[in-house]
Every structure is written in C-alpha cells, then in structure tokens.
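Reproduced below: run-v4.cif, with mmCIF, C-alpha atoms.
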```cif
data_model
#
loop_
_atom_site.label_atom_id
_atom_site.label_comp_id
_atom_site.auth_asym_id
_atom_site.auth_seq_id
_atom_site.Cartn_x
_atom_site.Cartn_y
_atom_site.Cartn_z
CA MET A 1 106.04 87.58 178.51
CA ASP A 2 102.33 88.14 177.80
CA ASP A 3 101.97 89.29 174.17
CA SER A 4 98.24 89.98 174.32
CA PHE A 5 98.82 93.73 174.53
CA LEU A 6 100.64 93.62 171.20
CA ARG A 7 97.85 91.72 169.53
CA LYS A 8 95.23 94.12 170.84
CA SER A 9 97.12 97.34 170.20
CA ASP A 10 96.76 99.33 167.04
CA GLU A 11 99.47 99.57 164.36
CA LEU A 12 100.87 102.88 165.60
CA SER A 13 101.25 101.48 169.12
CA ARG A 14 103.08 98.42 167.79
CA ARG A 15 105.47 100.62 165.85
CA ARG A 16 106.15 102.75 168.91
CA PHE A 17 106.83 99.60 170.93
CA MET A 18 109.25 98.26 168.32
CA GLY A 19 110.99 101.63 168.09
CA TYR A 20 111.41 101.80 171.87
CA ALA A 21 112.64 98.21 172.00
CA SER A 22 115.25 98.85 169.31
CA LYS A 23 116.60 101.87 171.16
CA SER A 24 116.66 100.31 174.58
CA LEU A 25 117.82 96.83 173.61
CA LEU A 26 119.97 97.44 170.54
CA GLY A 27 121.09 100.98 171.20
CA VAL A 28 120.50 102.06 167.61
CA SER A 29 118.02 104.51 166.13
CA VAL A 30 118.28 103.97 162.38
CA ILE A 31 115.79 101.10 162.59
CA PRO A 32 112.85 103.11 163.96
CA THR A 33 113.16 105.54 161.03
CA MET A 34 112.69 102.59 158.70
CA LEU A 35 109.93 100.86 160.67
CA PRO A 36 107.07 103.06 159.45
CA LEU A 37 107.85 101.80 155.96
CA ALA A 38 107.42 98.26 157.20
CA GLY A 39 104.28 99.17 159.10
CA ARG A 40 102.57 100.74 156.09
CA ALA A 41 103.14 97.81 153.81
CA ALA A 42 102.89 95.11 156.46
CA GLY A 43 99.41 95.91 157.70
CA LYS A 44 97.85 93.92 154.86
CA PRO A 45 96.87 90.26 154.55
CA GLU A 46 99.32 87.94 152.89
CA GLY A 47 98.94 86.63 149.37
CA ILE A 48 100.57 88.68 146.63
CA GLN A 49 100.43 86.48 143.56
CA VAL A 50 101.84 86.87 140.09
CA SER A 51 100.06 85.71 136.97
CA PRO A 52 102.07 84.45 133.98
CA SER A 53 103.09 87.30 131.70
CA GLN A 54 101.98 87.26 128.07
CA THR A 55 104.83 89.60 127.10
CA SER A 56 107.74 87.93 125.38
CA GLY A 57 111.07 88.77 126.99
CA ARG A 58 112.97 91.73 125.61
CA LYS A 59 116.32 93.16 126.52
CA PRO A 60 116.00 96.31 128.65
CA THR A 61 117.72 99.47 127.50
CA ALA A 62 118.25 100.65 131.10
CA ARG A 63 119.23 98.92 134.34
CA ASN A 64 118.59 101.80 136.73
CA ILE A 65 116.50 104.93 137.02
CA ILE A 66 117.06 108.41 138.46
CA TYR A 67 113.67 110.07 138.84
CA LEU A 68 113.65 113.84 139.30
CA TYR A 69 110.33 115.05 140.65
CA MET A 70 109.32 118.71 140.38
CA SER A 71 106.86 118.97 143.25
CA GLY A 72 104.13 121.58 143.09
CA GLY A 73 103.28 121.56 139.39
CA MET A 74 106.03 122.84 137.11
CA THR A 75 104.98 125.44 134.55
CA HIS A 76 105.52 124.06 131.05
CA VAL A 77 105.37 127.43 129.25
CA ASP A 78 108.31 128.83 131.25
CA THR A 79 110.46 125.70 131.03
CA PHE A 80 110.28 123.10 128.25
CA ASP A 81 107.39 124.29 126.07
CA PRO A 82 107.94 128.03 125.55
CA LYS A 83 105.58 130.00 123.32
CA PRO A 84 107.49 133.17 122.37
CA GLU A 85 105.01 134.07 119.61
CA ALA A 86 101.97 133.93 121.91
CA GLY A 87 102.50 137.35 123.41
CA GLU A 88 103.18 138.63 126.90
CA LYS A 89 99.92 137.29 128.41
CA VAL A 90 101.24 133.77 127.81
CA ALA A 91 105.02 133.99 127.51
CA GLY A 92 105.51 136.76 130.05
CA PRO A 93 109.10 138.05 130.09
CA VAL A 94 110.61 134.61 129.38
CA LYS A 95 112.39 134.13 126.06
CA ALA A 96 113.10 130.89 124.21
CA ILE A 97 116.61 129.80 123.24
CA SER A 98 117.96 127.36 120.68
CA THR A 99 119.53 124.11 121.84
CA LYS A 100 121.93 121.44 120.63
CA ALA A 101 118.87 119.59 119.31
CA ASP A 102 117.85 120.90 115.90
CA GLY A 103 114.51 122.69 116.03
CA VAL A 104 114.00 122.17 119.78
CA MET A 105 113.80 125.36 121.81
CA ILE A 106 113.54 125.67 125.59
CA SER A 107 113.32 128.49 128.12
CA GLU A 108 116.22 130.89 128.50
CA TYR A 109 116.36 129.73 132.13
CA PHE A 110 118.20 126.56 130.98
CA PRO A 111 121.41 127.65 129.22
CA MET A 112 123.41 124.67 130.52
CA LEU A 113 120.78 122.10 129.58
CA ALA A 114 120.47 123.65 126.12
CA LYS A 115 124.01 122.45 125.43
CA GLN A 116 123.07 118.87 126.34
CA MET A 117 119.70 118.57 124.61
CA ASP A 118 121.22 116.08 122.17
CA LYS A 119 120.96 113.62 125.09
CA VAL A 120 117.35 114.51 125.98
CA CYS A 121 113.87 113.68 124.74
CA LEU A 122 111.23 116.20 125.79
CA PHE A 123 107.64 115.09 126.32
CA ARG A 124 105.35 118.04 125.58
CA GLY A 125 102.08 116.15 125.34
CA LEU A 126 101.60 115.13 128.96
CA THR A 127 98.05 115.48 130.29
CA THR A 128 96.31 114.31 133.44
CA THR A 129 92.84 114.07 134.97
CA GLN A 130 94.09 115.11 138.42
CA GLY A 131 94.27 118.83 139.17
CA ALA A 132 95.06 118.73 142.91
CA HIS A 133 98.57 118.28 144.25
CA GLU A 134 98.18 115.12 146.32
CA GLN A 135 96.04 113.34 143.76
CA GLY A 136 98.21 114.45 140.83
CA ASN A 137 101.41 113.42 142.60
CA TYR A 138 99.94 110.02 143.43
CA PHE A 139 98.67 109.42 139.89
CA MET A 140 102.01 110.35 138.34
CA HIS A 141 103.98 108.11 140.67
CA SER A 142 101.69 105.07 140.63
CA SER A 143 99.64 105.19 137.39
CA TYR A 144 96.51 104.75 139.51
CA THR A 145 94.11 107.29 141.00
CA MET A 146 93.93 107.49 144.77
CA ARG A 147 91.65 105.06 146.62
CA GLY A 148 90.91 104.94 150.31
CA THR A 149 91.18 101.16 150.39
CA ILE A 150 94.60 100.54 148.86
CA GLN A 151 98.07 102.03 148.38
CA HIS A 152 99.57 101.48 144.92
CA PRO A 153 103.32 100.86 144.40
CA GLY A 154 105.61 103.26 142.57
CA ILE A 155 107.97 102.37 139.74
CA GLY A 156 110.86 101.69 142.14
CA ALA A 157 108.87 99.00 143.94
CA TRP A 158 107.82 97.42 140.65
CA LEU A 159 111.43 97.36 139.48
CA LEU A 160 112.65 95.66 142.67
CA ARG A 161 109.69 93.27 142.74
CA MET A 162 110.23 92.13 139.17
CA GLU A 163 114.01 92.42 138.76
CA GLY A 164 115.45 92.42 142.29
CA LYS A 165 118.27 94.33 143.98
CA THR A 166 121.80 94.49 142.62
CA ASN A 167 123.65 95.46 145.79
CA ARG A 168 122.87 93.11 148.67
CA THR A 169 123.54 95.57 151.48
CA LEU A 170 122.33 98.92 150.13
CA PRO A 171 118.63 99.66 149.70
CA GLY A 172 117.32 98.97 146.23
CA SER A 173 115.43 102.27 146.24
CA VAL A 174 116.20 105.67 147.82
CA CYS A 175 114.16 108.89 147.88
CA ILE A 176 116.03 112.15 148.54
CA GLY A 177 114.52 115.40 149.70
CA GLY A 178 110.86 114.44 149.79
CA GLY A 179 108.33 111.70 150.37
CA ALA A 180 107.01 110.21 147.15
CA ASN A 181 103.23 110.19 147.50
CA GLY A 182 102.29 106.96 145.75
CA GLY A 183 105.94 106.17 145.09
CA GLY A 184 106.48 103.72 147.94
CA ALA A 185 105.92 99.99 148.22
CA GLY A 186 102.14 100.32 148.35
CA PHE A 187 100.53 96.93 148.86
CA MET A 188 103.83 95.14 148.17
CA GLU A 189 106.13 93.90 150.90
CA SER A 190 108.14 96.45 152.87
CA LYS A 191 111.42 95.23 151.37
CA TYR A 192 110.43 97.01 148.16
CA ALA A 193 109.96 100.36 149.92
CA PRO A 194 112.49 103.18 149.49
CA LEU A 195 114.80 104.52 152.14
CA TYR A 196 113.94 108.19 152.68
CA ILE A 197 116.79 110.70 153.04
CA GLY A 198 115.97 114.25 154.10
CA SER A 199 119.19 116.12 153.31
CA PRO A 200 121.73 114.61 150.90
CA ASN A 201 124.53 116.14 152.96
CA ASP A 202 123.57 114.22 156.10
CA GLY A 203 123.84 110.72 154.64
CA VAL A 204 121.84 107.99 156.37
CA PRO A 205 120.76 109.48 159.70
CA ASN A 206 121.47 107.59 162.93
CA SER A 207 123.30 104.82 161.11
CA ARG A 208 125.88 104.24 163.83
CA ALA A 209 125.24 102.04 166.85
CA LEU A 210 125.16 103.81 170.20
CA THR A 211 127.12 100.98 171.81
CA GLY A 212 130.28 98.98 171.11
CA ALA A 213 130.17 96.10 168.62
CA ARG A 214 130.19 93.35 171.27
CA GLU A 215 127.46 94.95 173.36
CA PHE A 216 125.44 95.57 170.20
CA ASP A 217 125.62 91.87 169.25
CA ASP A 218 124.69 90.82 172.77
CA ARG A 219 121.67 93.08 172.75
CA ARG A 220 120.61 91.89 169.33
CA MET A 221 120.81 88.23 170.41
CA LEU A 222 118.75 89.08 173.48
CA ALA A 223 116.17 90.83 171.32
CA GLU A 224 115.95 87.80 169.00
CA LYS A 225 115.37 85.46 171.94
CA PHE A 226 112.81 87.88 173.32
CA ASP A 227 110.92 87.83 169.99
CA MET A 228 111.30 84.14 169.12
CA ALA A 229 108.10 82.87 170.69
CA PHE A 230 106.06 85.72 169.30
CA HIS A 231 107.43 85.24 165.77
CA SER A 232 106.76 81.49 165.92
CA LYS A 233 103.20 81.98 167.04
CA TYR A 234 102.43 84.81 164.64
CA ASP A 235 104.36 83.89 161.48
CA VAL A 236 102.61 86.44 159.28
CA LYS A 237 103.84 89.15 156.97
CA ARG A 238 103.40 92.03 159.39
CA VAL A 239 105.66 90.32 161.93
CA ARG A 240 108.22 89.22 159.35
CA ALA A 241 108.36 92.79 158.02
CA TYR A 242 109.69 94.06 161.35
CA SER A 243 112.25 91.26 161.51
CA ASP A 244 113.38 91.82 157.92
CA MET A 245 113.74 95.55 158.57
CA TYR A 246 116.00 94.89 161.56
CA ASP A 247 118.18 92.57 159.46
CA ASP A 248 118.41 95.03 156.58
CA ALA A 249 119.25 97.93 158.88
CA VAL A 250 122.00 96.04 160.70
CA ARG A 251 123.46 94.81 157.40
CA LEU A 252 123.49 98.39 156.08
CA MET A 253 125.12 99.75 159.25
CA ARG A 254 128.00 97.31 158.94
CA SER A 255 128.51 97.57 155.20
CA GLU A 256 131.46 99.33 153.60
CA ASP A 257 128.99 100.39 150.93
CA LEU A 258 127.45 102.84 153.41
CA LYS A 259 130.13 105.28 152.27
CA ALA A 260 128.14 105.70 149.04
CA PHE A 261 125.96 108.12 151.03
CA ASN A 262 128.95 110.24 152.12
CA LEU A 263 129.26 113.24 149.80
CA ASN A 264 132.37 114.38 151.64
CA LEU A 265 134.26 111.68 149.73
CA GLU A 266 133.60 113.53 146.47
CA ASP A 267 136.10 115.93 144.95
CA GLN A 268 135.04 119.51 145.74
CA LYS A 269 135.22 120.43 142.07
CA VAL A 270 132.59 117.81 141.27
CA ARG A 271 130.39 118.96 144.14
CA ASP A 272 130.58 122.52 142.85
CA GLU A 273 129.55 121.40 139.36
CA TYR A 274 126.24 120.16 140.76
CA GLY A 275 125.54 123.28 142.81
CA THR A 276 125.64 123.60 146.57
CA ASP A 277 121.86 123.56 147.10
CA GLY A 278 119.95 120.48 148.26
CA PHE A 279 118.69 119.52 144.82
CA GLY A 280 122.10 119.70 143.16
CA GLN A 281 123.72 117.69 145.93
CA GLY A 282 120.79 115.27 145.76
CA CYS A 283 121.56 114.70 142.07
CA LEU A 284 125.19 114.03 143.00
CA LEU A 285 124.11 111.56 145.69
CA ALA A 286 121.86 109.88 143.12
CA ARG A 287 124.87 109.37 140.83
CA ARG A 288 126.91 107.92 143.72
CA LEU A 289 124.10 105.51 144.62
CA ILE A 290 123.57 104.36 141.04
CA GLU A 291 127.34 103.86 140.81
CA ASN A 292 127.01 101.55 143.83
CA ASP A 293 124.17 99.52 142.29
CA VAL A 294 121.14 101.17 143.88
CA ARG A 295 118.56 100.65 141.17
CA HIS A 296 116.04 103.46 141.78
CA VAL A 297 116.77 106.94 143.16
CA GLU A 298 114.27 109.78 143.33
CA VAL A 299 115.30 113.41 143.97
CA THR A 300 112.65 116.04 144.70
CA LEU A 301 112.79 119.75 143.91
CA GLY A 302 109.80 121.48 145.49
CA GLY A 303 108.43 125.00 145.23
CA TRP A 304 106.77 124.92 141.79
CA ASP A 305 103.32 125.93 143.11
CA THR A 306 103.64 129.42 141.65
CA HIS A 307 100.21 131.03 142.01
CA ASN A 308 102.00 134.28 142.84
CA ASN A 309 105.17 135.88 141.44
CA ASN A 310 105.62 133.00 139.01
CA PHE A 311 108.50 134.43 137.01
CA GLN A 312 110.67 135.34 139.96
CA ALA A 313 110.14 131.94 141.58
CA VAL A 314 110.60 129.93 138.39
CA GLN A 315 113.81 131.71 137.46
CA GLY A 316 115.37 130.65 140.77
CA LEU A 317 114.04 127.10 140.62
CA ALA A 318 115.05 126.68 136.99
CA GLY A 319 118.58 127.86 137.78
CA ARG A 320 118.94 125.11 140.38
CA LEU A 321 117.39 122.53 138.07
CA ASP A 322 119.54 123.61 135.13
CA GLN A 323 122.79 123.20 137.07
CA GLY A 324 121.87 119.98 138.88
CA LEU A 325 120.38 118.18 135.88
CA SER A 326 123.10 119.30 133.48
CA ALA A 327 125.84 118.20 135.87
CA LEU A 328 124.10 114.86 136.37
CA LEU A 329 123.83 114.12 132.65
CA ASN A 330 127.42 115.16 132.02
CA ASP A 331 128.76 113.20 135.01
CA LEU A 332 126.85 110.03 134.14
CA ASP A 333 128.04 110.30 130.55
CA ARG A 334 131.73 110.71 131.34
CA ARG A 335 131.58 107.79 133.76
CA GLY A 336 129.91 105.50 131.23
CA LEU A 337 126.72 105.25 133.29
CA LEU A 338 124.26 107.22 131.16
CA SER A 339 123.68 104.44 128.65
CA GLU A 340 122.37 102.15 131.41
CA THR A 341 120.64 104.80 133.55
CA LEU A 342 117.27 106.26 132.60
CA VAL A 343 117.05 109.85 133.86
CA VAL A 344 113.43 110.99 134.15
CA LEU A 345 111.98 114.40 135.04
CA THR A 346 108.30 114.99 135.66
CA THR A 347 105.72 116.81 137.79
CA GLU A 348 102.06 116.39 138.78
CA PHE A 349 100.53 118.85 136.27
CA GLY A 350 101.27 122.05 134.39
CA ARG A 351 100.27 125.63 135.09
CA THR A 352 97.88 127.95 133.28
CA PRO A 353 99.34 129.41 130.09
CA TYR A 354 97.65 132.72 130.85
CA VAL A 355 99.20 134.75 133.65
CA ASN A 356 96.81 135.59 136.51
CA GLU A 357 96.33 138.94 138.26
CA ASN A 358 99.01 138.04 140.82
CA ASP A 359 101.66 137.58 138.14
CA GLY A 360 101.32 133.87 138.74
CA ARG A 361 100.03 130.73 137.08
CA ASP A 362 97.38 128.38 138.50
CA HIS A 363 96.90 124.60 138.30
CA PHE A 364 96.54 123.27 134.76
CA PRO A 365 96.18 119.48 134.30
CA LYS A 366 95.34 119.61 130.57
CA ALA A 367 98.94 120.03 129.39
CA PHE A 368 102.44 119.86 130.86
CA SER A 369 105.96 118.67 130.05
CA GLY A 370 108.57 116.17 131.22
CA LEU A 371 111.72 114.61 129.84
CA MET A 372 113.82 111.45 129.65
CA ALA A 373 117.49 110.95 128.87
CA GLY A 374 119.96 108.05 128.81
CA GLY A 375 118.92 104.43 129.18
CA GLY A 376 118.35 103.88 125.48
CA ILE A 377 116.44 107.12 124.84
CA ALA A 378 117.22 108.76 121.49
CA GLY A 379 118.13 112.31 122.43
CA GLY A 380 117.68 115.53 120.51
CA GLN A 381 113.92 115.27 120.05
CA ALA A 382 110.59 116.50 121.37
CA HIS A 383 107.62 114.12 121.49
CA GLY A 384 104.15 115.63 121.57
CA LYS A 385 102.94 119.13 120.86
CA THR A 386 100.61 121.73 122.34
CA ASN A 387 98.75 124.42 120.42
CA GLU A 388 100.01 127.97 119.95
CA HIS A 389 99.02 129.04 123.48
CA ALA A 390 99.92 125.70 125.19
CA THR A 391 96.32 125.20 126.29
CA GLU A 392 95.69 121.88 124.50
CA VAL A 393 97.74 118.87 123.49
CA VAL A 394 97.34 118.57 119.74
CA ASP A 395 99.78 115.74 119.04
CA GLY A 396 101.35 112.90 121.02
CA LYS A 397 98.95 113.00 123.98
CA MET A 398 100.41 111.09 126.92
CA SER A 399 98.78 110.23 130.26
CA PRO A 400 100.74 109.45 133.46
CA PRO A 401 100.19 105.71 132.86
CA ASP A 402 101.58 106.11 129.32
CA PHE A 403 104.60 107.97 130.70
CA ASN A 404 105.19 105.26 133.30
CA ALA A 405 104.69 102.52 130.71
CA THR A 406 107.48 104.16 128.67
CA ILE A 407 109.74 104.10 131.74
CA ALA A 408 108.85 100.46 132.39
CA TYR A 409 109.52 99.59 128.75
CA GLY A 410 113.01 101.06 129.02
CA LEU A 411 113.65 99.09 132.20
CA GLY A 412 112.46 95.90 130.52
CA LEU A 413 109.54 95.37 132.89
CA PRO A 414 106.68 93.28 131.49
CA LEU A 415 103.74 95.63 131.06
CA ASP A 416 101.13 92.87 131.07
CA GLU A 417 102.38 90.89 134.04
CA THR A 418 99.69 90.96 136.70
CA ILE A 419 100.44 91.13 140.39
CA TYR A 420 97.56 90.52 142.75
CA SER A 421 97.17 92.64 145.84
CA PRO A 422 96.43 90.95 149.19
CA SER A 423 92.73 91.55 148.51
CA LYS A 424 93.14 89.59 145.23
CA ARG A 425 92.75 92.61 142.96
CA PRO A 426 94.89 92.57 139.78
CA PHE A 427 97.40 95.32 139.01
CA THR A 428 100.04 95.94 136.36
CA VAL A 429 103.05 98.24 136.44
CA ALA A 430 101.40 101.07 134.48
CA ASP A 431 97.73 100.14 134.56
CA LYS A 432 96.47 100.49 130.97
CA GLY A 433 99.29 102.80 129.88
CA GLN A 434 100.89 102.33 126.48
CA PRO A 435 104.63 102.98 126.03
CA VAL A 436 105.94 105.36 123.40
CA THR A 437 108.54 103.02 121.92
CA SER A 438 109.52 105.42 119.13
CA VAL A 439 111.58 107.58 121.53
CA PHE A 440 114.11 104.80 122.04
CA GLY A 441 117.11 104.64 119.74
#
```

Structure translated into structure tokens:
Amino acid sequence: MDDSFLRKSDELSRRRFMGYASKSLLGVSVIPTMLPLAGRAAGKPEGIQVSPSQTSGRKPTARNIIYLYMSGGMTHVDTFDPKPEAGEKVAGPVKAISTKADGVMISEYFPMLAKQMDKVCLFRGLTTTQGAHEQGNYFMHSSYTMRGTIQHPGIGAWLLRMEGKTNRTLPGSVCIGGGANGGGAGFMESKYAPLYIGSPNDGVPNSRALTGAREFDDRRMLAEKFDMAFHSKYDVKRVRAYSDMYDDAVRLMRSEDLKAFNLNLEDQKVRDEYGTDGFGQGCLLARRLIENDVRHVEVTLGGWDTHNNNFQAVQGLAGRLDQGLSALLNDLDRRGLLSETLVVLTTEFGRTPYVNENDGRDHFPKAFSGLMAGGGIAGGQAHGKTNEHATEVVDGKMSPPDFNATIAYGLGLPLDETIYSPSKRPFTVADKGQPVTSVFG
C-alpha cells in the first residue's frame, strides 16, 4: 500500500484515518477516543532527556493524588476564608462556623467538612498572575504560563514520568468530569497522558469489542501486518504513540481491573454518602481507582464563575462539594488509604471580596484559597492569611508553582530534576516553585 498520503496529510487527517481503521478492522471504538491524546503529545520531535538530579532522595509521604479542581474561579470569601467582621459588602449573607480545627473557621456552607477539618490544611495565601480562566487554569495545573510553542505537563504526567505506574493494565492517570487545561502529558510521551471520563456513572465508554474474541484477534493481527512496513520505515515517536495506544487500550479492555470503573459494584449506602450528583460520584470513582493503584485522579466541579447571583450559586455548589469531599476523606480514612493519598483542592483564582451590582463576584487573582489533606499533611491548620477584607495576602503568600511544589514534595518527586523538552528546553516539575514543608506532619 502506498503510504505517501499519510506522510503528506496533516495530524488531524492521520488521526481520522487511524480512528476509521480501528473501527473497521478491529471493531472497537475505545481506541479512537484515546488517540487524540497520542496525537497531541506525539506531534513533537523525539529527544526528551533527563539531567541528573541534585536533590538527595527522600521518602515520599504520599503514593497517590486525588486532585479536585473547582473550575471557574472559586470564591474564597464564601468558602474557606470567610470574613464575618468585614460587613455585608464583603461577607454578604454567609456566616462563618467553627470547625474541629481549633481557631479555624470556614463558611457555613460546609457543615460536614467542618467536622473533618482536623484532617485538612487550608491554604489561604494563594495568589496568581493570571486573571483569565484558560490562562489561570493552565498555570495552576502546569506551573508554567501558556505559550503558543509548547504544552507543559501536569502533575499527573510528572508523577508517572518520574515514578511510573503501579497497575500495569489500568491508566496511571484519569480525569473525571472535565478536561484539565495544562494537566495532560504536554510535551511528554502520550503514555503519560490521562484517560478522560465524562460521566463517572458511565465507566470507560466503548470499552467492549464490537466483535467476538476470535474475530477481534484476527482483525488485530491483520492490522499489525498492515502497519508493519510503515512502522519499520517510520520508527519515530509519533508512529509508536499510535501503536502503544492500541496496545494499552486492548490490555485495558481485557483486564479484570476494568471493573474499578463500575460504580454499580459499590454498596448503595456508600454511593448515597457521596451524593448522587456527578461530582460526588466522581469522588467515589476516584477512591475506587486509587484503591486499584491508579496513581493520579482528577475530578472537576465546574460552575464557580459567579459574576451574577453569587450566593445562590455558591450555596448549591458548596453543598455538593461539602458532601463529596467529606465522604471522600471519611471513606479513604476508614479504608486506610488516606495516609498514602494526597487529596488536593484548588481553583484558577479567587473572586472579588466586594459584591458587585449583580449580587455577584468578579475575577480576583490576587488572593484565593485551596486545601490539602492526607498523604502526610498535618491537618487542623490554616497556612497563609489575607487582610481583613480578603483583598491582599499578608502572610504565607503562595504562587501556583509553590502550591505544585508542595504537592510534588509530598509525592517525593525531585524538584530540581530537569527534563528537556523535544526542543531541548529545560523544565522542572514546578518551575521555580518552593514547597511549604512545614505543613507536613
């Protein structure tokens, strides 16, 4: 067969061809959903190199990470940094409540979490230079500002690149309920990219072959013979990425571990504890995946862009977050998984402390909040502080790279180990970020 059309076609055309071939030859459609991940990372020259690390080895406090992302810019004043003494123009109708952590108060919207704050460290000094959603999301996930010439990896890719997978058949990284802008494999190989799951209740979509086992194997052998000459002639990363993705997809389809994605196997009482909404069930799926040695799971809760009707929207969102996060911490703890799992919650920026004319809050990159729990974190504390109106960070200022460096520190990743992109540019896991080591027990 003449392969010149493949060499001349653009990347999108090649992906469409591979997707069509997988459907017609293999009779399976899970692979095409994974191919764009390969295509994004594979369209780069080869040559990722690693320089020797100057960091002496240290024992990690966490093996895995569950990363809860509040998409849209979560208001800090109405959640984890309430200012009840600042008056109605700042606090609005939201009251602060005491928690199980001495001296740490949070919004009344989190009554369940308040009872588990002895497990949690709040970060109230977060600040960023990025005040737009896409750029802020990217910066928080990757520790680097957006560039048109390169895609930077997220923490999941760094973890897999440096420490490897634990379960051979399941993906090392999974994102539930949203696409992590800047949280993919970036310039790294496609095998470090996450598997994206839309709804946690649907499991892995299209993960069953459309043919019998024997016919499937026959078609796969035919496809391998069909590709052999092309792979031999063009033994480069972009071609190997497609081949590796096929192998990984087939291995996943045939694995008993695929049942980790099936929430129907959970006791209904446990499912109810998490809440029946997508975020709560996503948190439950994250626990199941971590239990089956998936090392990085991200769950997204969107809707925090509250320019209008802030208090009504936040009350509903906070209720879902309160139930899902509280159930997750409690479930991980009772199963003995919290000590080795770092649970992280963050967002791209905060929202204006002063309420606007639409009863809403606008973008505010100067100050916002996040949290960490488990994985060696000493709970019952708040790191960082804003002023009386939450307009400035006055203590414990922390940039997204600092936040990510703290995550990397907990996971035992060497902060000074340099990985070179295909264009020979040096990168580290959290850029120039410095970890806050004092929050670990």

Residues near Leu415 (chain A), cut-off 9 Å, all atoms listed in the file, skip fewer than 6 positions along chain, as a CSV table (one decimal) with C-alpha atoms, in the coordinates of the input:
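Here's the written file result.csv:
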```csv
chain,number,residue,atom,x,y,z
A,53,SER,CA,103.1,87.3,131.7
A,55,THR,CA,104.8,89.6,127.1
A,405,ALA,CA,104.7,102.5,130.7
A,408,ALA,CA,108.8,100.5,132.4
A,409,TYR,CA,109.5,99.6,128.8
A,428,THR,CA,100.0,95.9,136.4
A,429,VAL,CA,103.0,98.2,136.4
A,430,ALA,CA,101.4,101.1,134.5
A,431,ASP,CA,97.7,100.1,134.6
A,432,LYS,CA,96.5,100.5,131.0
A,433,GLY,CA,99.3,102.8,129.9
A,434,GLN,CA,100.9,102.3,126.5
A,435,PRO,CA,104.6,103.0,126.0
```

Mind giving me the straight-line distance from CA of Ala91 (chain A) to CA of Val77 (chain A) in Å, one decimal?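 Rounded to one decimal, the two atoms are 6.8 Å apart.
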
What is the CA of Leu328 (chain A)-CA of Val104 (chain A) distance in Å, reported with one decimal?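 About the pair CA of Leu328 (chain A) and CA of Val104 (chain A): they are 20.8 Å apart.
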
I'd like the contact shell of region 264-277 of chain A - 9 Å cut-off, all atoms listed in the file, skipping same-chain residues fewer than 4 positions apart - returned as an mmCIF file with C-alpha atoms, in the frame of the given file.
```cif
data_model
loop_
_atom_site.group_PDB
_atom_site.id
_atom_site.type_symbol
_atom_site.label_atom_id
_atom_site.label_comp_id
_atom_site.auth_asym_id
_atom_site.auth_seq_id
_atom_site.Cartn_x
_atom_site.Cartn_y
_atom_site.Cartn_z
ATOM 1 C CA ASN A 201 124.530 116.140 152.960
ATOM 2 C CA LYS A 259 130.130 105.280 152.270
ATOM 3 C CA ALA A 260 128.140 105.700 149.040
ATOM 4 C CA GLN A 281 123.720 117.690 145.930
ATOM 5 C CA GLY A 282 120.790 115.270 145.760
ATOM 6 C CA CYS A 283 121.560 114.700 142.070
ATOM 7 C CA LEU A 284 125.190 114.030 143.000
ATOM 8 C CA ARG A 320 118.940 125.110 140.380
ATOM 9 C CA GLN A 323 122.790 123.200 137.070
ATOM 10 C CA GLY A 324 121.870 119.980 138.880
ATOM 11 C CA LEU A 325 120.380 118.180 135.880
ATOM 12 C CA SER A 326 123.100 119.300 133.480
ATOM 13 C CA ALA A 327 125.840 118.200 135.870
ATOM 14 C CA LEU A 328 124.100 114.860 136.370
ATOM 15 C CA ASP A 331 128.760 113.200 135.010
#
```

How many Å lie between CA of Phe139 (chain A) and CA of Ile65 (chain A), rounded to one decimal? 18.6 Å

Would you translate the PyMOL selection byres ((chain A and resi 160-163) around 9) into the concrete set of residues it matches in this file, as a list of chain:residue names?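 Output of the PyMOL selection byres ((chain A and resi 160-163) around 9): A:Ile155, A:Gly156, A:Ala157, A:Trp158, A:Leu159, A:Gly164, A:Lys165, A:Thr166, A:Gly172, A:Ser173, A:Met188, A:Glu189, A:Lys191, A:Tyr192, A:Arg295, A:His296, A:Leu413, A:Pro414.
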
Residues picked by the PyMOL selection byres ((chain A and resi 130-137) around 9) here, as a list in words?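 On this input, the PyMOL selection byres ((chain A and resi 130-137) around 9) captures Ser71, Gly72, Gly73, Thr128, Thr129, Tyr138, Phe139, Met140, His141, Ser142, Thr145, Met146, Ala180, Asn181, Gly182, Gly183, Thr347, Glu348, Phe349, His363, Phe364, Pro365 and Lys366 of chain A.
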
Could you spell out the hits of the PyMOL selection byres ((chain A and resi 309) around 6) on the shown file, as a PyMOL selection string? chain A and resi 308+310-312+359-360

For region 111-117 of chain A, list every protein, DNA or RNA residue within 12 Å, evaluated using all atoms listed in the file, and leave out those in the same chain fewer than 5 positions away; present the list as number ranges by chain. A: 79-80, 95-106, 122, 273-274, 315, 318-331, 333, 371-374, 377-382

Quick one: what's the axis-aligned box for region 110-121 of chain A, all listed atoms, 8 Å on every side, centre and edges in Å to one decimal, as lines of an AutoDock Vina configuration file?
```
center_x = 118.9
center_y = 120.6
center_z = 126.6
size_x = 26.1
size_y = 30.0
size_z = 24.8
```

Show which residues sit within 12 Å of Gly376 (chain A), as a PyMOL selection string. Count only C-alpha atoms, and ignore same-chain residues fewer than 3 positions away. chain A and resi 59-65+119-121+337-343+372-373+379+406-407+409-412+437-441

Using all atoms listed in the file, determine which residues lie at most 7 Å from Leu170 (chain A), disregarding the query and same-chain residues fewer than 5 positions distant; provide the list as a list in words.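 Once the nearby chain positions are removed, what remains is Leu252, Asp257 and Val294 of chain A.
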
Which residue, A:Ser399, A:Tyr69, A:Thr391, A:Asn292, has the smallest gap to Val344 (chain A) when you use all atoms listed in the file? A:Tyr69

Top pick for closest residue to His389 (chain A), considering A:Met74, A:Val90, A:Val297, A:Cys175 and counting all atoms listed in the file: A:Val90

Restricting the calculation to only C-alpha atoms, which member of A:Pro82, A:Gly384, A:Gly178, A:Gly336 is positioned closest to Phe123 (chain A)? A:Gly384

Measuring between only C-alpha atoms, which one of A:Gly375, A:Leu301, A:Ala390, A:Tyr144 shows the shortest distance to Glu85 (chain A)? A:Ala390

Here is a test: counting all atoms listed in the file, which residue of A:His152, A:Arg288, A:Arg361, A:His76 is nearest to Thr127 (chain A)?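 Of A:His152, A:Arg288, A:Arg361, A:His76, the one nearest Thr127 (chain A) is A:His76, counting all atoms listed in the file.
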
Using all atoms listed in the file for the distances, tell me which of A:Arg425, A:Arg335, A:Arg58, A:His307 is nearest to Thr352 (chain A).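 That would be A:His307, the residue with the smallest distance to Thr352 (chain A).
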